[in-house]
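> As input, take my_file-v9.pdb (PDB, C-alpha atoms and all ligand atoms):
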```pdb
ATOM      1  CA  MET A   1       0.000   0.000   0.000
ATOM      2  CA  THR A   2       1.251   3.480  -0.810
ATOM      3  CA  TYR A   3       0.100   6.895   0.330
ATOM      4  CA  ALA A   4       0.304   8.978  -2.870
ATOM      5  CA  ASN A   5      -2.004  11.709  -1.592
ATOM      6  CA  ARG A   6       0.284  12.304   1.377
ATOM      7  CA  LEU A   7       3.094  13.784  -0.718
ATOM      8  CA  GLY A   8       0.835  16.778  -1.352
ATOM      9  CA  GLN A   9       1.139  17.913   2.264
ATOM     10  CA  TYR A  10       4.804  18.850   1.760
ATOM     11  CA  ARG A  11       5.935  22.195   0.349
ATOM     12  CA  ALA A  12       9.686  21.924   0.903
ATOM     13  CA  PHE A  13      12.168  19.091   0.520
ATOM     14  CA  LEU A  14      15.604  18.699   2.144
ATOM     15  CA  LEU A  15      17.550  16.194   0.077
ATOM     16  CA  ASP A  16      20.745  14.422   0.933
ATOM     17  CA  ILE A  17      23.063  14.041  -2.087
ATOM     18  CA  ASP A  18      25.049  10.764  -1.934
ATOM     19  CA  GLY A  19      22.769   7.755  -2.090
ATOM     20  CA  VAL A  20      19.771   9.945  -2.977
ATOM     21  CA  LEU A  21      20.691  11.943  -6.116
ATOM     22  CA  VAL A  22      23.947  10.252  -7.037
ATOM     23  CA  ARG A  23      25.689   6.990  -6.384
ATOM     24  CA  GLY A  24      29.263   6.238  -7.332
ATOM     25  CA  GLY A  25      29.541   9.646  -8.962
ATOM     26  CA  GLU A  26      26.649   8.986 -11.371
ATOM     27  CA  PRO A  27      23.047  10.183 -11.140
ATOM     28  CA  ILE A  28      20.668   7.551  -9.800
ATOM     29  CA  PRO A  29      18.422   6.565 -12.751
ATOM     30  CA  GLY A  30      15.421   8.899 -12.961
ATOM     31  CA  ALA A  31      16.720  11.202 -10.207
ATOM     32  CA  THR A  32      17.144  14.302 -12.408
ATOM     33  CA  GLU A  33      13.498  14.081 -13.526
ATOM     34  CA  ALA A  34      12.407  13.371  -9.945
ATOM     35  CA  VAL A  35      14.149  16.519  -8.700
ATOM     36  CA  ARG A  36      12.390  18.574 -11.382
ATOM     37  CA  ALA A  37       9.060  17.074 -10.299
ATOM     38  CA  LEU A  38       9.748  17.984  -6.653
ATOM     39  CA  GLN A  39      10.861  21.490  -7.681
ATOM     40  CA  LYS A  40       7.379  21.914  -9.225
ATOM     41  CA  ARG A  41       5.781  20.916  -5.931
ATOM     42  CA  GLY A  42       7.837  23.280  -3.807
ATOM     43  CA  GLN A  43      11.244  24.348  -2.603
ATOM     44  CA  VAL A  44      14.095  21.859  -2.890
ATOM     45  CA  LEU A  45      17.258  22.309  -0.819
ATOM     46  CA  LEU A  46      20.222  19.984  -0.572
ATOM     47  CA  LEU A  47      21.585  19.154   2.881
ATOM     48  CA  SER A  48      24.830  17.175   2.864
ATOM     49  CA  ASN A  49      27.627  16.397   5.318
ATOM     50  CA  ASN A  50      30.146  16.886   2.498
ATOM     51  CA  SER A  51      32.839  19.215   3.859
ATOM     52  CA  SER A  52      35.383  19.007   1.027
ATOM     53  CA  ARG A  53      33.709  21.331  -1.452
ATOM     54  CA  SER A  54      32.176  24.769  -1.496
ATOM     55  CA  ARG A  55      28.506  25.290  -2.312
ATOM     56  CA  ALA A  56      29.340  26.815  -5.692
ATOM     57  CA  VAL A  57      31.523  23.856  -6.684
ATOM     58  CA  VAL A  58      28.876  21.305  -5.685
ATOM     59  CA  ALA A  59      26.139  23.219  -7.548
ATOM     60  CA  GLU A  60      28.337  23.349 -10.645
ATOM     61  CA  HIS A  61      29.240  19.658 -10.405
ATOM     62  CA  LEU A  62      25.582  18.656  -9.999
ATOM     63  CA  GLY A  63      24.697  20.898 -12.929
ATOM     64  CA  LYS A  64      26.981  18.842 -15.163
ATOM     65  CA  LEU A  65      25.049  15.742 -14.048
ATOM     66  CA  GLY A  66      21.712  17.357 -14.979
ATOM     67  CA  PHE A  67      20.570  18.718 -11.588
ATOM     68  CA  ALA A  68      19.745  22.429 -11.512
ATOM     69  CA  PHE A  69      20.554  23.991  -8.117
ATOM     70  CA  GLU A  70      21.672  27.475  -7.168
ATOM     71  CA  PRO A  71      24.652  27.483  -4.747
ATOM     72  CA  GLU A  72      22.315  28.997  -2.121
ATOM     73  CA  ALA A  73      20.183  25.844  -2.292
ATOM     74  CA  VAL A  74      23.169  23.655  -1.374
ATOM     75  CA  VAL A  75      23.732  23.428   2.388
ATOM     76  CA  LEU A  76      26.993  21.593   3.115
ATOM     77  CA  SER A  77      28.750  20.979   6.430
ATOM     78  CA  SER A  78      31.549  23.269   5.179
ATOM     79  CA  TYR A  79      28.981  26.090   4.991
ATOM     80  CA  VAL A  80      27.202  25.094   8.211
ATOM     81  CA  VAL A  81      30.409  25.187  10.257
ATOM     82  CA  ALA A  82      31.278  28.615   8.841
ATOM     83  CA  ARG A  83      27.826  29.968   9.711
ATOM     84  CA  TYR A  84      27.823  28.388  13.166
ATOM     85  CA  LEU A  85      31.192  29.853  14.055
ATOM     86  CA  LEU A  86      30.138  33.273  12.803
ATOM     87  CA  GLU A  87      26.898  33.240  14.809
ATOM     88  CA  THR A  88      28.423  31.989  18.038
ATOM     89  CA  GLU A  89      31.910  33.574  18.001
ATOM     90  CA  GLY A  90      31.871  36.237  15.290
ATOM     91  CA  PRO A  91      34.582  36.403  12.629
ATOM     92  CA  SER A  92      37.338  34.078  13.860
ATOM     93  CA  LYS A  93      40.877  32.990  13.160
ATOM     94  CA  VAL A  94      40.790  29.336  12.177
ATOM     95  CA  TRP A  95      43.088  26.684  10.872
ATOM     96  CA  THR A  96      41.747  23.590   9.238
ATOM     97  CA  ILE A  97      42.420  19.957   8.697
ATOM     98  CA  GLY A  98      40.343  19.773   5.557
ATOM     99  CA  GLU A  99      40.015  20.478   1.878
ATOM    100  CA  ALA A 100      39.885  23.697  -0.128
ATOM    101  CA  GLY A 101      36.080  23.860  -0.042
ATOM    102  CA  LEU A 102      36.110  24.089   3.748
ATOM    103  CA  ALA A 103      38.590  26.963   3.773
ATOM    104  CA  LYS A 104      36.593  28.657   0.988
ATOM    105  CA  GLU A 105      33.318  28.616   2.932
ATOM    106  CA  LEU A 106      35.057  29.801   6.119
ATOM    107  CA  CYS A 107      36.536  32.756   4.202
ATOM    108  CA  LEU A 108      33.224  33.563   2.483
ATOM    109  CA  ALA A 109      31.584  33.772   5.918
ATOM    110  CA  GLY A 110      34.174  36.315   7.067
ATOM    111  CA  HIS A 111      36.621  34.146   8.993
ATOM    112  CA  ARG A 112      40.371  34.185   8.436
ATOM    113  CA  VAL A 113      42.148  30.943   7.683
ATOM    114  CA  VAL A 114      45.530  31.309   9.390
ATOM    115  CA  PRO A 115      48.517  29.182  10.448
ATOM    116  CA  GLN A 116      48.054  27.116  13.569
ATOM    117  CA  GLU A 117      50.078  29.490  15.812
ATOM    118  CA  GLU A 118      47.661  32.352  15.122
ATOM    119  CA  ALA A 119      44.402  30.406  15.294
ATOM    120  CA  ASN A 120      41.721  30.287  17.973
ATOM    121  CA  TRP A 121      39.842  27.415  16.395
ATOM    122  CA  LEU A 122      40.675  24.185  14.638
ATOM    123  CA  VAL A 123      37.990  23.053  12.168
ATOM    124  CA  VAL A 124      38.156  19.434  11.028
ATOM    125  CA  GLY A 125      36.581  18.041   7.874
ATOM    126  CA  ILE A 126      37.513  15.331   5.438
ATOM    127  CA  CYS A 127      41.153  15.705   4.377
ATOM    128  CA  TRP A 128      42.588  13.582   1.580
ATOM    129  CA  ASN A 129      46.190  14.148   2.634
ATOM    130  CA  VAL A 130      45.843  13.834   6.386
ATOM    131  CA  ASN A 131      49.103  12.669   7.962
ATOM    132  CA  TYR A 132      50.986  12.130  11.223
ATOM    133  CA  ASN A 133      52.374  15.631  11.219
ATOM    134  CA  MET A 134      48.863  17.116  11.128
ATOM    135  CA  PHE A 135      47.828  15.026  14.111
ATOM    136  CA  ALA A 136      50.933  16.167  15.962
ATOM    137  CA  GLU A 137      50.054  19.803  15.168
ATOM    138  CA  ALA A 138      46.464  19.247  16.258
ATOM    139  CA  LEU A 139      47.670  17.749  19.533
ATOM    140  CA  ARG A 140      49.951  20.713  20.201
ATOM    141  CA  PHE A 141      47.150  23.157  19.408
ATOM    142  CA  LEU A 142      44.696  21.386  21.710
ATOM    143  CA  LEU A 143      47.217  20.971  24.535
ATOM    144  CA  ASN A 144      47.777  24.734  24.319
ATOM    145  CA  GLY A 145      44.068  25.350  24.881
ATOM    146  CA  GLY A 146      42.914  25.704  21.276
ATOM    147  CA  ARG A 147      39.313  24.823  20.569
ATOM    148  CA  TYR A 148      38.060  22.465  17.924
ATOM    149  CA  ILE A 149      34.888  21.945  15.851
ATOM    150  CA  ALA A 150      34.095  18.974  13.591
ATOM    151  CA  THR A 151      32.111  19.324  10.378
ATOM    152  CA  ASN A 152      30.725  15.803  10.755
ATOM    153  CA  THR A 153      31.566  12.397  12.170
ATOM    154  CA  ASP A 154      30.590  10.164   9.232
ATOM    155  CA  GLY A 155      32.863   7.153   9.595
ATOM    156  CA  THR A 156      32.788   6.343   5.893
ATOM    157  CA  PHE A 157      31.338   7.712   2.696
ATOM    158  CA  PRO A 158      30.517   6.068  -0.640
ATOM    159  CA  THR A 159      32.757   6.454  -3.711
ATOM    160  CA  PRO A 160      32.848   4.748  -7.122
ATOM    161  CA  GLU A 161      35.577   2.490  -5.665
ATOM    162  CA  GLY A 162      33.542   1.570  -2.590
ATOM    163  CA  ARG A 163      33.415   3.102   0.890
ATOM    164  CA  LYS A 164      36.291   5.272   2.053
ATOM    165  CA  PRO A 165      37.188   6.747   5.475
ATOM    166  CA  GLY A 166      35.207   9.883   6.296
ATOM    167  CA  ALA A 167      35.802  12.904   8.513
ATOM    168  CA  GLY A 168      34.775  10.730  11.465
ATOM    169  CA  ALA A 169      37.972   8.736  11.042
ATOM    170  CA  ILE A 170      39.999  11.918  11.632
ATOM    171  CA  VAL A 171      37.802  12.948  14.566
ATOM    172  CA  GLY A 172      38.348   9.436  15.948
ATOM    173  CA  ALA A 173      42.123   9.801  15.724
ATOM    174  CA  ILE A 174      41.952  13.089  17.656
ATOM    175  CA  GLU A 175      39.654  11.435  20.190
ATOM    176  CA  ALA A 176      42.300   8.746  20.671
ATOM    177  CA  MET A 177      44.631  11.559  21.765
ATOM    178  CA  GLY A 178      42.108  12.579  24.407
ATOM    179  CA  PHE A 179      40.248  15.475  22.746
ATOM    180  CA  TYR A 180      36.632  15.825  21.690
ATOM    181  CA  PRO A 181      35.084  18.461  19.440
ATOM    182  CA  HIS A 182      33.399  21.444  21.082
ATOM    183  CA  VAL A 183      30.548  20.693  18.681
ATOM    184  CA  VAL A 184      29.791  18.602  15.593
ATOM    185  CA  VAL A 185      27.686  20.668  13.199
ATOM    186  CA  GLY A 186      26.782  18.161  10.442
ATOM    187  CA  LYS A 187      23.813  15.806  10.362
ATOM    188  CA  PRO A 188      22.328  14.525  12.665
ATOM    189  CA  SER A 189      23.080  17.768  14.548
ATOM    190  CA  GLU A 190      20.208  20.213  14.889
ATOM    191  CA  ILE A 191      22.655  22.915  13.795
ATOM    192  CA  ALA A 192      22.723  21.654  10.188
ATOM    193  CA  TYR A 193      18.933  21.365  10.026
ATOM    194  CA  ARG A 194      18.342  24.733  11.684
ATOM    195  CA  ILE A 195      20.552  26.514   9.146
ATOM    196  CA  ALA A 196      18.830  24.695   6.266
ATOM    197  CA  LEU A 197      15.346  25.345   7.691
ATOM    198  CA  GLU A 198      16.095  29.079   7.971
ATOM    199  CA  GLN A 199      16.084  29.117   4.172
ATOM    200  CA  VAL A 200      12.831  27.183   3.858
ATOM    201  CA  GLN A 201       9.679  29.137   3.134
ATOM    202  CA  ALA A 202       7.351  26.580   4.691
ATOM    203  CA  LYS A 203       6.249  25.575   8.155
ATOM    204  CA  ASN A 204       8.123  22.635   9.645
ATOM    205  CA  ASP A 205       5.133  20.299   9.246
ATOM    206  CA  ALA A 206       5.290  20.900   5.474
ATOM    207  CA  VAL A 207       9.001  20.014   5.236
ATOM    208  CA  LEU A 208      10.158  16.553   4.214
ATOM    209  CA  ALA A 209      13.761  15.392   4.724
ATOM    210  CA  ILE A 210      14.948  12.732   2.282
ATOM    211  CA  GLY A 211      18.012  10.606   2.928
ATOM    212  CA  ASP A 212      19.624   7.192   2.685
ATOM    213  CA  ARG A 213      21.267   6.989   6.125
ATOM    214  CA  LEU A 214      19.251   6.436   9.302
ATOM    215  CA  GLU A 215      21.875   7.658  11.776
ATOM    216  CA  THR A 216      22.347  11.014  10.055
ATOM    217  CA  ASP A 217      19.527  11.974   7.664
ATOM    218  CA  ILE A 218      16.621  10.384   9.497
ATOM    219  CA  LEU A 219      17.825  10.866  13.095
ATOM    220  CA  GLY A 220      18.556  14.521  12.325
ATOM    221  CA  ALA A 221      15.053  15.049  10.937
ATOM    222  CA  GLN A 222      13.651  13.518  14.125
ATOM    223  CA  ASN A 223      15.825  15.854  16.215
ATOM    224  CA  VAL A 224      14.104  18.878  14.681
ATOM    225  CA  LYS A 225      10.697  17.180  14.430
ATOM    226  CA  ILE A 226      10.260  17.175  10.678
ATOM    227  CA  ASP A 227       8.984  14.260   8.592
ATOM    228  CA  SER A 228      11.476  12.076   6.768
ATOM    229  CA  VAL A 229      11.758   9.479   4.009
ATOM    230  CA  LEU A 230      14.370   6.754   3.882
ATOM    231  CA  VAL A 231      15.196   5.981   0.238
ATOM    232  CA  LEU A 232      16.659   2.546  -0.323
ATOM    233  CA  THR A 233      19.364   3.541  -2.825
ATOM    234  CA  GLY A 234      22.191   4.122  -0.371
ATOM    235  CA  ILE A 235      23.518   2.994   2.982
ATOM    236  CA  SER A 236      20.546   1.923   5.129
ATOM    237  CA  SER A 237      18.124  -0.906   4.415
ATOM    238  CA  LYS A 238      14.579  -1.616   5.641
ATOM    239  CA  GLU A 239      16.027  -4.166   8.088
ATOM    240  CA  ASP A 240      18.277  -1.495   9.596
ATOM    241  CA  ILE A 241      15.173   0.371  10.816
ATOM    242  CA  GLU A 242      14.428  -2.332  13.414
ATOM    243  CA  ARG A 243      18.088  -2.956  14.106
ATOM    244  CA  GLN A 244      18.930   0.694  14.775
ATOM    245  CA  GLY A 245      15.574   1.743  16.196
ATOM    246  CA  THR A 246      15.411   4.920  14.093
ATOM    247  CA  ARG A 247      12.081   5.026  12.267
ATOM    248  CA  PRO A 248      11.525   7.369   9.316
ATOM    249  CA  THR A 249       8.035   8.703   8.632
ATOM    250  CA  TRP A 250       8.089   7.026   5.218
ATOM    251  CA  ILE A 251      10.106   4.663   3.039
ATOM    252  CA  ALA A 252      10.453   4.962  -0.755
ATOM    253  CA  ALA A 253      12.303   2.630  -3.115
ATOM    254  CA  ASP A 254      14.163   5.553  -4.668
ATOM    255  CA  LEU A 255      13.772   9.257  -5.420
ATOM    256  CA  PRO A 256      11.701   8.696  -8.606
ATOM    257  CA  ALA A 257       9.262   6.507  -6.638
ATOM    258  CA  LEU A 258       9.019   9.203  -3.988
ATOM    259  CA  ALA A 259       8.323  11.882  -6.605
ATOM    260  CA  ARG A 260       5.497   9.692  -7.943
ATOM    261  CA  GLY A 261       4.030   9.623  -4.432
ATOM    262  CA  GLU A 262       4.943   6.003  -3.758
ATOM    263  CA  LEU A 263       5.403   6.439  -0.037
ATOM    264  CA  GLN A 264       5.233   3.413   2.230
ATOM    265  CA  LYS A 265       4.927   3.083   5.974
ATOM    266  CA  PRO A 266       8.137   1.716   7.502
TER
HETATM  267 MG    MG B 301      23.745   9.905   1.837
END
```
Using structure tokens, write down the structure from this file.
Ligand SMILES: [Mg+2]

Amino acid sequence: MTYANRLGQYRAFLLDIDGVLVRGGEPIPGATEAVRALQKRGQVLLLSNNSSRSRAVVAEHLGKLGFAFEPEAVVLSSYVVARYLLETEGPSKVWTIGEAGLAKELCLAGHRVVPQEEANWLVVGICWNVNYNMFAEALRFLLNGGRYIATNTDGTFPTPEGRKPGAGAIVGAIEAMGFYPHVVVGKPSEIAYRIALEQVQAKNDAVLAIGDRLETDILGAQNVKIDSVLVLTGISSKEDIERQGTRPTWIAADLPALARGELQKP
């Protein structure tokens, strides 16, 4: 049984990217058309824990795959951490263990990316070239009283070559040295959802979060009390719902099925 008429109650959609729009770097079949169908129904924003790229770069990359999004409609953990730091601390001096997109969003928000000796904050995201020396620098910074924020704690993320270590693996290494982040801003944190929801022109009961991972996408939606759909094209399966005890409002086979209103009860 599906609940096609129920899709009509939603006026805004928060979509995860990996496992929802794309998989292994390619669009999920039918996903570009599904996004256009949802864009006719209401506002569509992307909400992703990706910290390696800037919003503009992700929007451009998705554009090449056939998805039309303005950079402002792409909410990434790189952007969320920059906004959070600005709102709570004002323009700050930061150093990063992360990629160019993280530094870009921090600069765009008005922060200064500086060498470790001058910084007040360490911001950690995914970093392709992370090495022992960086951990040693992080340890020195933290032992000297520096503060630290994590973009997300995803242990792994999907790539065309299979799963690879995520930002959570770096956070875990720092934890092994005895230090924990002041805050983690990415999903399932309320911080990521709050910043995305600020841009949504709909009441929370008309917002639907769509994701493939129970412990981030669906748990985060529950944290801010918005409805959610687990799509079965990524990490989590139907069986995981019982196993993990995180229940989405709906399940859909994939994004095209969702856009056709093929919502199922979990
Ligand atoms: Mg995902």
> Show me a table, sorted first by chain and then by increasing residue number, of the residues of chain A having an atom at most 6 Å from ligand MG 301 (chain B), each with its shortest atom pair and the distance in Å to one decimal, counting all atoms listed in the file and written as a Markdown table.

```
| residue | atom | partner | partner_atom | distance |
| --- | --- | --- | --- | --- |
| A:Asp16 | CA | B:MG301 | MG | 5.5 |
| A:Ile17 | CA | B:MG301 | MG | 5.7 |
| A:Asp18 | CA | B:MG301 | MG | 4.1 |
| A:Gly19 | CA | B:MG301 | MG | 4.6 |
| A:Gly211 | CA | B:MG301 | MG | 5.9 |
| A:Asp212 | CA | B:MG301 | MG | 5.0 |
| A:Arg213 | CA | B:MG301 | MG | 5.7 |
```
> Mind giving me the straight-line distance from atom CA of Val74 of chain A to atom CA of Arg55 of chain A in Å, one decimal?
5.7 Å
> Run the PyMOL selection byres (((chain A and resi 247) around 8) and not hetatm) on the file and write out the hits as a list in words.
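Residues picked by the PyMOL selection byres (((chain A and resi 247) around 8) and not hetatm): Leu214, Ile218, Ile241, Glu242, Gly245, Thr246, Pro248, Thr249 and Pro266 of chain A.
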> Which one is closest to Ala196 of chain A: A:Phe179, A:Phe141, A:Phe157, A:Tyr84? Count only C-alpha atoms.
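The shortest atom-to-atom distance to Ala196 of chain A comes from A:Tyr84.
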> If we count all atoms listed in the file, what is near Leu197 of chain A at a cut-off of 12 Å, once residues fewer than 3 positions away on the same chain are taken out, given as a PyMOL selection string?
chain A and resi 12-14+43-47+73+75+80+190-194+200-209+221+224-226
> Applying the PyMOL selection byres (((chain A and resi 102-113) around 7) and not hetatm) to the file I just gave you, which residues come out? Please list them as a PyMOL selection string.
chain A and resi 51-54+78-79+82-83+91-95+98-101+114
> Please report the interatomic distance between atom CA of Pro181 of chain A and atom CA of Leu142 of chain A in Å with one decimal.
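That distance, rounded to one decimal, is 10.3 Å.
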> Using only C-alpha atoms, pick whichever of A:Arg23, A:Arg11, A:His182, A:Lys64 has the shortest atom-to-atom distance to Gly42 of chain A.
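Going through A:Arg23, A:Arg11, A:His182, A:Lys64 one by one, the smallest distance to Gly42 of chain A is for A:Arg11.
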> Report, in Å with one decimal, the straight-line distance from atom CA of Leu86 of chain A to atom CA of Asp217 of chain A.
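Separation of atom CA of Leu86 of chain A and atom CA of Asp217 of chain A: 24.3 Å.
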> Please, what is the axis-aligned box for every listed atom of segment 214-221 of chain A with 3 Å on each side, as centre and edge lengths in Å to one decimal, as JSON?

```
{"center_x": 18.7, "center_y": 10.7, "center_z": 10.4, "size_x": 13.3, "size_y": 14.6, "size_z": 11.4}
```
> Do a neighbour search on segment 24-39 of chain A at 7 Å with all atoms listed in the file, toss out local chain neighbours closer than 4 positions, and write the hits as a list of chain:residue names.
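Contacts, with the query itself left out: A:Gln43, A:Val44, A:Leu65, A:Gly66, A:Phe67, A:Pro158, A:Thr159, A:Pro160, A:Leu255, A:Pro256, A:Ala259.
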> I'd like the neighbourhood of Thr216 of chain A as a PyMOL selection string, where a residue qualifies if any of its atoms comes within 9 Å (using all atoms listed in the file), though same-chain residues fewer than 4 positions away should be ignored.
chain A and resi 49+154+186-189+211-212+220-221
